[in-house]
Structures are given as structure tokens and as C-alpha cells.
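*Asks:* Here's a structure for you.
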Amino acid sequence: MQYNRVLITAALPYANGPLHVGHLAGCYIPSDIYARYQRAQKREVAFIGGSDEHGVPITIRAMKESITPQEVVDRYHTQIKESFEQLGISFDIYSRTSSPVHHETAADFFKKLYDDGLFEEKESEQYYDEEKQTFLADRYIIGTCPICSNPNAYGDQCEKCGTSLSPEQLIEPRSALSNNPPVKKMTKHWYFPLNQYEPWLKEWVLEEHKEWKNNVYGQCKSWLDSGLYPRAMTRDSKWGVPVPLPGAEGKVLYVWFDAPIGYISATKELTENWADYWCKDDTKLVHFIGKDNIVFHCIIFPAMLKAHGGFVLPDNVPANEFLNLEGDKVSTSRNWAVWIHEYLKEFEGCEDVLRYYLTAIAPETKDSDFTWKGFQDANNSELVAIFGNFVNRCMVLMHKLCGGKVPPIHPELLDNEDTIIFEEIKKTKQIVEDAIEQYKFREAQFAVIDLARKGNQYLQKREPWKAANLLKEGGETAINAQKLIDNVMHIALQLSANLAIFINPFLPKTAKKMLHLFKVVDKMLEWENAGKEKLLSVGYSLREPELLFRKIEDSEIEAQVAKLQESAKAYAAAQALLNPPAEEVVPEVTVAPVKEEIVFDDFAKIDLRVGTIVTAEKVQKADKLLKLSVDLGFETRTIVSGIALHFNPEDIIGKQVVVVVNLAPRKMRGIESQGMILMAEDSSGKLHFVNPETAINTGAGVN
RNA sequence: GGCGAGGUAGCUCAGCUGGUUAGAGCAUCGGAUUCAUAACCCGAAGGUCGGCAGUUCAAGUCUGCUCCUCGCUACCA
């Protein structure tokens, strides 16, 4: 397939905090390298970015800080955008999902699918905060963890013990917004029938895109093999793109529905020819993302595009793995991060150094680790010592030995050593091209540094500074010595000029500085010039040497490490205040508020019986479920119960329990549960059976 | 729990369809040199390829089990 234009997207950063090194390494640096390379190739490129500004976390932050969600996103959008600019991330447009164009585009997209009759409407019960009048995502219900008693566990997971939870399990659940206990409320949503696209996706991803990266292909396969299900594409919230339907007040598009459409809206804002990029088959669409986004970009968004019709689909989705920091996961809440806006201040002029190091350790095939020592080493012994030093040596020697001008070349004196250098340049061009086209940026950048290393070796072998000693002797010897020097320096300078072209996608500011030294224009950086032997004209005078990179001192690194340790300490201290050590805690026994009054008839509807557990076994593929058969006297029923974390199956056989026998059956992990066992939960979250004081006949009623 | 990706020298990574003494770069140590930002250049040392079994004449490379890390994801009185 011959592509005529390249559409590059980088995941929309969430405008709920500043950028850190993980974001950059994951998708912004690789996408920028790719975009710059494609532009150097003179291909038509649109490099799209923007802030993702919807979603619940932003509304929560706004509520906590008593400002509007718009103020939250304005703050971070501006900061993020500035960081990108300073780092030289060359978006053709950096937009945002709160823009009117985006709202319109996303709403139209939804409306089209709706009009085509694609959505399924379903009602379900969701947690609701009555005071704040808003539905609560699991994450925003807080309570005490039933496993480890952490009083600040979230409704989806306890961060202290790592157990995944549901809001139902939390002891004394409360809303993160108001601290009131949440209630359940019915709500209606629109579901996208992902399942209908399963056969097509299987063909498109698994058959037609076997070349995708292992991690990407593997995860898609895993999703597709386990079957796709309809997915809700709307949420109850006031912040977001309103659902464009009558009677849908208070409902917005699900952020994962609206965010990828943001790529389209941003392109619309960039150019009125946006449809060339999004709708013509000869566009190569590439999504740069982190591994946490794979299914959205490889399954859900393509299915949406397919359902809508008329759009190109991604040619590749080179997702990176994650970047850790000094051996630990990057964490915003723990302040364990290298924040870009801080880096830019503290290492002014070293923007390219960060780009370099993050590419050198890019998590292309597995998670990698950012260490300040590694950062310093990469700068001092690769950028400074190899690349910067080579360019500097060339410039200094040229000024000392060639009068500040590009010396002529004397072909009669060229030997194998010289031609090898030109071959190396051409080889490097090929390696860099191939590697970038295959999204192997680490390898590509390495090849560039390696070429500079070859330059150093070349100078070392030729030792023009020694030939300079012969100049004093005069006569034939001096003439020959000068010719030799001319050749060496000519070649070394042409090599330097080539290095500028090669390094440009990776370190654009460095390439610019080199152009300045050589007194040439940007045009030289076009990729077709790479590999050329005559980039700098003979006799042309070049500027005085200037260093491309400065050394980074131990003290600077120590300061950064100390700063990280400070924030770790501060976090530990804050946690200690929040969660005093368990033994000192006297569990405060509070009682759940009494529920709404009911009449006797309501109670009488519930049919309770005493039963005896006859068998119990763990349910396959489930942590918390036990499959029980319970003898109720009149029949034996299968009941699935979420108590596996509290009881061993063999210990509860023969136990008497109280069962709700007229509860509608419900399937759990494929097994139909025909009733519910009453359990009492103590203040530590432990479950206890409710049963008769002494064993009685099974089937006995309970009133 | 299921699935996916990954576990190769101190660090960051290569190792294709199994085949001689497992490769780079950085860090370390030694040498040489001074044009260069105590930079470059040359050389050395450094790995039972997560563990255990198995297939094979031969396994880092294939199979099974197992441990660890990260990600996705399910059920929930």
C-alpha cells in the first residue's frame, strides 16, 4: 500500500495533573520522532494532540477545590501544552476536548450511530450521591476494606492490600464527594454492540495486522478470544459532551467514546482538508499510546469508526509499556514522579537530554526504569563524550588547522579508511530509516550515536593534530601534511553535517544548534540529504565552536534524588496520619443507618428457611465465590456465595444457614445461584453465618 | 481467578525458523593519547540466559509445571 499522507496521533493526556516522564516516554517522544522523521521525508503529515478534559476525576477535583471543572482543565491544559512546546513536541495542533468543535463532532458521531439504530438502551442500578445529586463511579465510593481494614479503600480496589473490591464489600461505604452513604438508583444508558463487530475485528486485527507489536497483538487476541460485549457509551454526569438526544439530560458521552473522536475534531480545527486525512484510503493512521490504552485504540475505537463508516482505520498502534522511576511505579498521588514543568526549569537548555535519555530507555518491549544516575551517564558519556565531543573536535580542529573554513578534498590521497566513513554514513541512513519505520526508536537513535563514535575513531586513527607538527617543516612534507589534514577534516565535517540530519528527529534543538555552527539553513535537514558527501561547501567559513551539551554534575543528580526521597518521606508521613498502624486503632464500631421503614407485608414477601450445606467447592476462575449445595428439606439447591475469602469449603459442610429461598435466580460465573445465604458482618469486615442456636430440621421457616 | 506482555552481564537492551567459546552500549578495571567538555581511542573482566522437569545428537531459542514484575479483565452477602 502506497501512502500519500501520514496521520499521527498521540494519546490525549488527561488534564487532571501535570505531565511526567512516563507520559513522555510512553507516547509523546516516540510520536514526535516519527512525525519529525516523516516531515523530513517531505511526506504530508498531521501530528495531532490535545488534552482529554472530561470524565469524573476532573469533576471530583473541581468539587474538592471549589472551582469549576473548566477551571481545572484550563489550568492543566495550559501547563501541559507549554511543557510540550518547550520540549519540542511538534504537534501540528494541540487541541482539547472541551472545545466547541469537539463537542459538535463527538455529538454528531454519536447521533449518527444512534440514527442508524445501533445503540441498545438498558436500565441498571447505580450508586448515587443524593446530596450532590450525582451518580458515583466505583472509584468514588470510599469505605473500610473488608480484608485489611484500611479505612480509605476505594470501591474498585483497596490500595493498601491490593484486593480488588466492589462497592458492596466496603464497610460503611461513603461517597467521596459528600461522605454520605450512597444509595442505589435506576438509570438508563446507551450501549454500543461491540459484539456485532467481533467477526470483523478478528479478521482485521488477527489476520491483517500480524505485524503489530507483541504486546498489542497479544492483548487484542485475548480480548477477541474471550468474546466482546455491548459497552455503555454514556454516563451520568454534568461534565462532558451531552448526549444529543431528547430526554437525556444529565447524561454525557463516556470519556472513552469522546476522547478518540478528539483526534478527529482536532484535525478539523487544524485544517479544512481534515477529511483527506481521515477519510481517504491512502492515509497512514498511526496511534501512539501507552499499554493501558490498547483495547480502546485497537478494538473499541476502530469498531466505532467502522460502525460510523467512511473513516480510515489505524495502520499501526505502537503501544509502549510503562516507565518506572528509580525502581518504583510512577505515582501522582505519592508524588513519585519527575514532573516535566519542573525539569524544564531545573535543567534549562537540557530539553534534548531528556528526549535522548527517554528514547534510550524507551519501554518499547517491556517496562523500563528511569534513574537519575542513568540520566547523568547517558548525558555525560554519550551525548557529551561521544556526540558533542566529536562535533566539537571537528570544529576546533578545523579552526586550528584549516583556517575556519571547510577544507578542499584531495581525491588522489583518499584511501580505504576514508571511503569506509562514507559507507558508514549511508549504512546509518538505512538503519535509522528502517528502525523508525518499524517504530524502533531506541535502535535508530543508537545508530546515530554509533556513527558519531565511528567519527571519533576516524579522527583517532588519522591524528590530524600530529600531521600539524609537520607543517612547520615546510616544503613537500608540509604540503602533503596539509592535504592530509584537509581530507580528514573535510570528511569529519561532512560526517558532522550528516549527524545533524540524523539526530534531528530525536534532538531537534541540537540539530538546530549544529545548523547554526555550520551556517546553513533548515533545508539541509531534509532526509534526502542524508548520506550525501558534500553537504558543506568547500571554502565556506564556519562559526566558532560552541558546545552542544554541558556536563551534568553529581550535585545536580544528588539534588534530584534527594527531592524524590523527600516526597516519598512526605507521603509516608501523610499516610501514617491517615492510617495509624493497625494495633493502635481501636476499631470504632459504628452502625449503619437504619433503612427506610417498611410495612409487614414487605417483610412477609421474603421467604427465609433454614438449610444445611451439603457440598461446597470453589468456583473456577473466581476469587471470592463458593458454589454450595444447600439442603432445604423440600429440595436441594445450588447457591453461589461470595464468601470464599472467609471460609474454606471443607469447613462449612454440614453447617446450618438461613437462606432467602424466593430470591430471583441469578447467574454468577455461569452458575445459576438459586437463593442467598444470610451473613452478618462484624466491624472488621469478617463474615459470620446466621443460623439457629442449635441444629434444627432443615426447611424450617424463619420469621 | 482468567488472559496478555516480559524476566538474558551492575544498568539499558540484541539474540531470525534450536547448532561452534551467548552479543552491543553504558558503568567498572587496565593501557595509550592530548585536537577535544579529565573528553576521545585501545584492551580486559563481567552472565549456570528466573527456577524445575522434559523433547533432541544439540535449547536462551521447543513442551509442561513453577516463581517474580507490569498491564487488561471477571465474579462479589
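Chains: A, B, ... in order of the C-alpha cells. Residues: from 1 per chain. Ligands: from 1, in order shown.
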Can I get the residues of chain A within 7 Å of chain B, each with the closest pair of atoms and their distance in Å to one decimal, using only C-alpha atoms (C1' of nucleotides), sorted chain first then ascending number, as CSV?

*Replies:*
residue,atom,partner,partner_atom,distance
A:Ser166,CA,B:C76,C1',7.0
A:Asn215,CA,B:A5,C1',5.0
A:Gly218,CA,B:G4,C1',5.4
A:Gln219,CA,B:G4,C1',4.8
A:Ser222,CA,B:C3,C1',5.7
A:Lys291,CA,B:G71,C1',6.7
A:Asp292,CA,B:G71,C1',6.3
A:Ile361,CA,B:U12,C1',5.9
A:Lys366,CA,B:G6,C1',5.7
A:Asp367,CA,B:C70,C1',6.8
A:Val384,CA,B:U37,C1',6.8
A:Ala385,CA,B:A39,C1',5.6
A:Asn389,CA,B:A36,C1',6.2
A:Asn392,CA,B:A36,C1',6.6
A:Arg393,CA,B:A36,C1',4.7
A:Leu397,CA,B:C35,C1',5.8
A:Asn456,CA,B:C40,C1',6.4
A:Gln457,CA,B:C41,C1',6.4
A:Gln460,CA,B:C41,C1',6.0
A:Trp465,CA,B:C35,C1',5.5
A:Arg550,CA,B:U37,C1',6.8
A:Lys551,CA,B:U37,C1',6.9
A:Lys621,CA,B:G1,C1',4.1
A:Ala622,CA,B:G1,C1',4.6
A:Asp623,CA,B:G1,C1',5.4
A:Lys624,CA,B:C76,C1',6.5
A:Gly642,CA,B:C76,C1',5.1
A:Met668,CA,B:C75,C1',6.3
A:Arg669,CA,B:C75,C1',5.9
A:Ile677,CA,B:A77,C1',6.7
A:Leu678,CA,B:A77,C1',6.3
A:Met679,CA,B:A77,C1',5.6

*Asks:* Write out the residues from the selection above, keeping N, CA and C atoms, as a JSON list (two decimals), in the first residue's frame.

*Replies:*
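Output (out_6.json):
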[["chain", "number", "residue", "atom", "x", "y", "z"],
["A", 166, "SER", "N", -15.64, -4.48, 45.29],
["A", 166, "SER", "CA", -16.78, -3.79, 44.71],
["A", 166, "SER", "C", -17.36, -2.94, 45.83],
["A", 215, "ASN", "N", 2.92, -7.08, 22.35],
["A", 215, "ASN", "CA", 2.05, -6.73, 23.46],
["A", 215, "ASN", "C", 0.67, -6.29, 22.95],
["A", 218, "GLY", "N", -1.12, -9.39, 21.24],
["A", 218, "GLY", "CA", -1.48, -10.35, 22.29],
["A", 218, "GLY", "C", -2.71, -9.91, 23.05],
["A", 219, "GLN", "N", -2.73, -8.65, 23.41],
["A", 219, "GLN", "CA", -3.87, -8.19, 24.20],
["A", 219, "GLN", "C", -5.16, -8.16, 23.38],
["A", 222, "SER", "N", -6.40, -11.64, 23.11],
["A", 222, "SER", "CA", -7.01, -12.06, 24.36],
["A", 222, "SER", "C", -8.44, -11.55, 24.47],
["A", 291, "LYS", "N", 0.49, 1.24, 27.06],
["A", 291, "LYS", "CA", -0.13, -0.08, 27.00],
["A", 291, "LYS", "C", -1.50, -0.13, 27.67],
["A", 292, "ASP", "N", -1.78, 0.81, 28.56],
["A", 292, "ASP", "CA", -3.08, 0.76, 29.23],
["A", 292, "ASP", "C", -4.24, 1.12, 28.30],
["A", 361, "ILE", "N", 16.04, 4.65, 26.84],
["A", 361, "ILE", "CA", 15.47, 3.64, 27.74],
["A", 361, "ILE", "C", 13.98, 3.42, 27.45],
["A", 366, "LYS", "N", 9.32, -3.82, 27.06],
["A", 366, "LYS", "CA", 8.96, -4.14, 28.44],
["A", 366, "LYS", "C", 9.11, -2.88, 29.27],
["A", 367, "ASP", "N", 8.59, -2.92, 30.48],
["A", 367, "ASP", "CA", 8.71, -1.77, 31.36],
["A", 367, "ASP", "C", 10.18, -1.46, 31.57],
["A", 384, "VAL", "N", 27.62, 14.06, 25.66],
["A", 384, "VAL", "CA", 28.77, 14.94, 25.81],
["A", 384, "VAL", "C", 30.02, 14.29, 25.20],
["A", 385, "ALA", "N", 30.33, 13.07, 25.68],
["A", 385, "ALA", "CA", 31.62, 12.47, 25.36],
["A", 385, "ALA", "C", 31.70, 11.95, 23.92],
["A", 389, "ASN", "N", 31.29, 15.80, 21.75],
["A", 389, "ASN", "CA", 32.74, 15.88, 21.67],
["A", 389, "ASN", "C", 33.22, 15.75, 20.22],
["A", 392, "ASN", "N", 32.50, 18.94, 18.45],
["A", 392, "ASN", "CA", 33.39, 19.98, 18.96],
["A", 392, "ASN", "C", 34.83, 19.81, 18.45],
["A", 393, "ARG", "N", 35.30, 18.57, 18.46],
["A", 393, "ARG", "CA", 36.66, 18.30, 17.95],
["A", 393, "ARG", "C", 36.78, 18.77, 16.51],
["A", 397, "LEU", "N", 39.38, 21.65, 15.55],
["A", 397, "LEU", "CA", 40.48, 21.29, 14.66],
["A", 397, "LEU", "C", 40.39, 22.07, 13.34],
["A", 456, "ASN", "N", 34.75, 9.59, 15.92],
["A", 456, "ASN", "CA", 35.85, 9.72, 16.89],
["A", 456, "ASN", "C", 36.98, 8.75, 16.57],
["A", 457, "GLN", "N", 36.58, 7.54, 16.20],
["A", 457, "GLN", "CA", 37.61, 6.54, 15.88],
["A", 457, "GLN", "C", 38.42, 6.97, 14.66],
["A", 460, "GLN", "N", 40.84, 9.59, 15.56],
["A", 460, "GLN", "CA", 41.90, 8.99, 16.36],
["A", 460, "GLN", "C", 42.92, 8.27, 15.48],
["A", 465, "TRP", "N", 46.15, 16.23, 14.27],
["A", 465, "TRP", "CA", 46.96, 17.10, 15.13],
["A", 465, "TRP", "C", 48.44, 16.74, 15.06],
["A", 550, "ARG", "N", 26.19, 20.28, 27.85],
["A", 550, "ARG", "CA", 27.05, 20.52, 29.00],
["A", 550, "ARG", "C", 27.04, 19.28, 29.89],
["A", 551, "LYS", "N", 28.06, 19.14, 30.65],
["A", 551, "LYS", "CA", 28.10, 18.01, 31.59],
["A", 551, "LYS", "C", 27.08, 18.24, 32.68],
["A", 621, "LYS", "N", -12.16, -19.90, 38.33],
["A", 621, "LYS", "CA", -11.95, -18.55, 37.79],
["A", 621, "LYS", "C", -12.60, -17.46, 38.65],
["A", 622, "ALA", "N", -12.78, -17.71, 39.91],
["A", 622, "ALA", "CA", -13.35, -16.66, 40.76],
["A", 622, "ALA", "C", -12.65, -16.71, 42.10],
["A", 623, "ASP", "N", -12.24, -15.55, 42.59],
["A", 623, "ASP", "CA", -11.55, -15.48, 43.86],
["A", 623, "ASP", "C", -12.49, -15.69, 45.04],
["A", 624, "LYS", "N", -13.66, -15.11, 44.90],
["A", 624, "LYS", "CA", -14.48, -14.92, 46.09],
["A", 624, "LYS", "C", -15.71, -15.80, 46.15],
["A", 642, "GLY", "N", -20.49, -15.32, 47.77],
["A", 642, "GLY", "CA", -19.18, -14.65, 47.70],
["A", 642, "GLY", "C", -18.45, -14.67, 49.01],
["A", 668, "MET", "N", -23.97, -16.38, 38.21],
["A", 668, "MET", "CA", -22.67, -15.81, 38.55],
["A", 668, "MET", "C", -21.61, -16.75, 38.00],
["A", 669, "ARG", "N", -20.73, -16.22, 37.23],
["A", 669, "ARG", "CA", -19.68, -17.01, 36.56],
["A", 669, "ARG", "C", -20.30, -18.24, 35.90],
["A", 677, "ILE", "N", -27.62, -16.67, 50.93],
["A", 677, "ILE", "CA", -27.40, -17.05, 52.33],
["A", 677, "ILE", "C", -27.21, -15.79, 53.15],
["A", 678, "LEU", "N", -27.87, -15.73, 54.30],
["A", 678, "LEU", "CA", -27.73, -14.55, 55.15],
["A", 678, "LEU", "C", -26.40, -14.60, 55.88],
["A", 679, "MET", "N", -25.75, -13.47, 55.90],
["A", 679, "MET", "CA", -24.47, -13.38, 56.58],
["A", 679, "MET", "C", -24.49, -12.13, 57.44]]

*Asks:* Tell me, as an NGL selection string, which residues lie within 7 Å of stretch 44-53 of chain A, counting only C-alpha atoms (C1' of nucleotides); anything in the same chain fewer than 4 positions away does not count.

*Replies:* :A and (4-10 or 12-15 or 35 or 38-39 or 73 or 77 or 91-98 or 259 or 263 or 266-267)

*Asks:* Just the selected residues (N, CA, C and O atoms), exported as an mmCIF file, in the first residue's frame, please.

*Replies:*
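Output contents, as saved in result_35.cif:
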data_model
loop_
_atom_site.group_PDB
_atom_site.id
_atom_site.type_symbol
_atom_site.label_atom_id
_atom_site.label_comp_id
_atom_site.auth_asym_id
_atom_site.auth_seq_id
_atom_site.Cartn_x
_atom_site.Cartn_y
_atom_site.Cartn_z
ATOM 1 N N ASN A 4 0.040 8.320 0.921
ATOM 2 C CA ASN A 4 0.374 9.676 0.495
ATOM 3 C C ASN A 4 0.365 10.696 1.614
ATOM 4 O O ASN A 4 0.775 11.829 1.420
ATOM 5 N N ARG A 5 -0.167 10.288 2.732
ATOM 6 C CA ARG A 5 -0.084 11.196 3.885
ATOM 7 C C ARG A 5 -0.110 10.376 5.165
ATOM 8 O O ARG A 5 -0.588 9.241 5.172
ATOM 9 N N VAL A 6 0.458 10.970 6.191
ATOM 10 C CA VAL A 6 0.583 10.261 7.455
ATOM 11 C C VAL A 6 -0.154 11.040 8.524
ATOM 12 O O VAL A 6 0.075 12.237 8.699
ATOM 13 N N LEU A 7 -1.048 10.353 9.203
ATOM 14 C CA LEU A 7 -1.814 10.965 10.281
ATOM 15 C C LEU A 7 -1.344 10.328 11.580
ATOM 16 O O LEU A 7 -1.490 9.116 11.783
ATOM 17 N N ILE A 8 -0.723 11.142 12.415
ATOM 18 C CA ILE A 8 -0.123 10.621 13.643
ATOM 19 C C ILE A 8 -0.874 11.177 14.838
ATOM 20 O O ILE A 8 -1.058 12.392 14.943
ATOM 21 N N THR A 9 -1.304 10.304 15.716
ATOM 22 C CA THR A 9 -1.948 10.793 16.927
ATOM 23 C C THR A 9 -1.146 10.328 18.132
ATOM 24 O O THR A 9 -0.539 9.272 18.114
ATOM 25 N N ALA A 10 -1.162 11.150 19.164
ATOM 26 C CA ALA A 10 -0.562 10.756 20.441
ATOM 27 C C ALA A 10 -1.687 10.800 21.462
ATOM 28 O O ALA A 10 -2.507 11.729 21.441
ATOM 29 N N LEU A 12 -4.339 11.388 24.177
ATOM 30 C CA LEU A 12 -4.654 12.676 24.780
ATOM 31 C C LEU A 12 -4.354 12.608 26.277
ATOM 32 O O LEU A 12 -4.940 11.802 26.990
ATOM 33 N N PRO A 13 -3.436 13.433 26.761
ATOM 34 C CA PRO A 13 -3.156 13.382 28.201
ATOM 35 C C PRO A 13 -4.356 13.911 28.980
ATOM 36 O O PRO A 13 -5.071 14.804 28.506
ATOM 37 N N TYR A 14 -4.587 13.351 30.141
ATOM 38 C CA TYR A 14 -5.732 13.729 30.951
ATOM 39 C C TYR A 14 -5.415 15.013 31.710
ATOM 40 O O TYR A 14 -4.409 15.082 32.426
ATOM 41 N N ALA A 15 -6.251 16.014 31.518
ATOM 42 C CA ALA A 15 -5.964 17.347 32.066
ATOM 43 C C ALA A 15 -6.317 17.426 33.542
ATOM 44 O O ALA A 15 -7.099 18.268 33.980
ATOM 45 N N ALA A 35 6.971 11.794 13.721
ATOM 46 C CA ALA A 35 6.429 12.922 12.954
ATOM 47 C C ALA A 35 7.557 13.738 12.312
ATOM 48 O O ALA A 35 7.489 14.099 11.134
ATOM 49 N N GLN A 38 9.014 11.816 9.395
ATOM 50 C CA GLN A 38 8.128 11.830 8.229
ATOM 51 C C GLN A 38 8.151 13.188 7.532
ATOM 52 O O GLN A 38 8.120 13.270 6.310
ATOM 53 N N ARG A 39 8.217 14.240 8.324
ATOM 54 C CA ARG A 39 8.285 15.580 7.716
ATOM 55 C C ARG A 39 9.603 15.745 6.963
ATOM 56 O O ARG A 39 9.638 16.320 5.877
ATOM 57 N N VAL A 73 -9.445 22.139 34.080
ATOM 58 C CA VAL A 73 -8.825 21.753 32.807
ATOM 59 C C VAL A 73 -8.069 22.909 32.168
ATOM 60 O O VAL A 73 -7.061 22.705 31.501
ATOM 61 N N HIS A 77 -4.437 22.139 31.050
ATOM 62 C CA HIS A 77 -4.272 22.192 29.603
ATOM 63 C C HIS A 77 -3.153 23.165 29.243
ATOM 64 O O HIS A 77 -2.272 22.881 28.440
ATOM 65 N N PHE A 91 3.533 18.996 17.702
ATOM 66 C CA PHE A 91 2.145 18.829 17.264
ATOM 67 C C PHE A 91 1.799 19.865 16.209
ATOM 68 O O PHE A 91 2.174 21.029 16.328
ATOM 69 N N ASP A 92 1.081 19.416 15.193
ATOM 70 C CA ASP A 92 0.560 20.405 14.249
ATOM 71 C C ASP A 92 -0.606 21.139 14.888
ATOM 72 O O ASP A 92 -0.882 22.278 14.571
ATOM 73 N N ILE A 93 -1.271 20.429 15.772
ATOM 74 C CA ILE A 93 -2.259 21.119 16.593
ATOM 75 C C ILE A 93 -2.340 20.420 17.934
ATOM 76 O O ILE A 93 -2.286 19.191 18.010
ATOM 77 N N TYR A 94 -2.419 21.225 18.983
ATOM 78 C CA TYR A 94 -2.673 20.659 20.300
ATOM 79 C C TYR A 94 -3.981 21.248 20.788
ATOM 80 O O TYR A 94 -4.052 22.401 21.181
ATOM 81 N N SER A 95 -5.029 20.456 20.691
ATOM 82 C CA SER A 95 -6.364 20.965 20.989
ATOM 83 C C SER A 95 -6.841 20.445 22.342
ATOM 84 O O SER A 95 -6.038 20.040 23.177
ATOM 85 N N ARG A 96 -8.143 20.420 22.522
ATOM 86 C CA ARG A 96 -8.707 19.977 23.795
ATOM 87 C C ARG A 96 -10.141 19.521 23.590
ATOM 88 O O ARG A 96 -10.837 20.012 22.707
ATOM 89 N N THR A 97 -10.582 18.588 24.435
ATOM 90 C CA THR A 97 -11.915 18.035 24.192
ATOM 91 C C THR A 97 -13.036 18.916 24.729
ATOM 92 O O THR A 97 -14.201 18.612 24.529
ATOM 93 N N SER A 98 -12.699 19.997 25.417
ATOM 94 C CA SER A 98 -13.783 20.892 25.825
ATOM 95 C C SER A 98 -14.074 21.921 24.729
ATOM 96 O O SER A 98 -14.920 22.786 24.910
ATOM 97 N N ALA A 259 -13.113 10.749 23.796
ATOM 98 C CA ALA A 259 -11.696 11.104 23.656
ATOM 99 C C ALA A 259 -11.085 10.769 22.288
ATOM 100 O O ALA A 259 -10.491 11.635 21.664
ATOM 101 N N TYR A 263 -9.325 13.153 18.310
ATOM 102 C CA TYR A 263 -8.308 13.196 17.251
ATOM 103 C C TYR A 263 -8.919 13.795 15.973
ATOM 104 O O TYR A 263 -8.275 14.549 15.259
ATOM 105 N N ALA A 266 -9.731 17.590 16.480
ATOM 106 C CA ALA A 266 -8.524 18.419 16.436
ATOM 107 C C ALA A 266 -8.057 18.587 14.994
ATOM 108 O O ALA A 266 -7.615 19.670 14.599
ATOM 109 N N THR A 267 -8.168 17.528 14.204
ATOM 110 C CA THR A 267 -7.766 17.635 12.802
ATOM 111 C C THR A 267 -8.666 18.620 12.073
ATOM 112 O O THR A 267 -8.212 19.390 11.220
#

*Asks:* Work out how far apart atom CA of A:Pro193 and atom CA of A:Thr59 are and give it in Å to one decimal.

*Replies:*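 Answer for the atom CA of A:Pro193 to atom CA of A:Thr59 separation: 28.3 Å.
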
*Asks:* Just give me the gap between atom C1' of B:U55 and atom CA of A:Lys210 in Å, one decimal is fine.

*Replies:*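 Rounded to one decimal, the two atoms are 28.8 Å apart.
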
*Asks:* What is the distance, in Å and to one decimal place, between atom CA of A:Lys184 and atom CA of A:Ala232?

*Replies:*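 Atom-to-atom, atom CA of A:Lys184 and atom CA of A:Ala232 are spaced 18.1 Å apart.
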
*Asks:* B:G47: which residues within 12 Å, counting only C-alpha atoms (C1' of nucleotides), same-chain residues fewer than 6 positions away excluded, as number ranges by chain?

*Replies:* B: 8-10, 22-23, 60
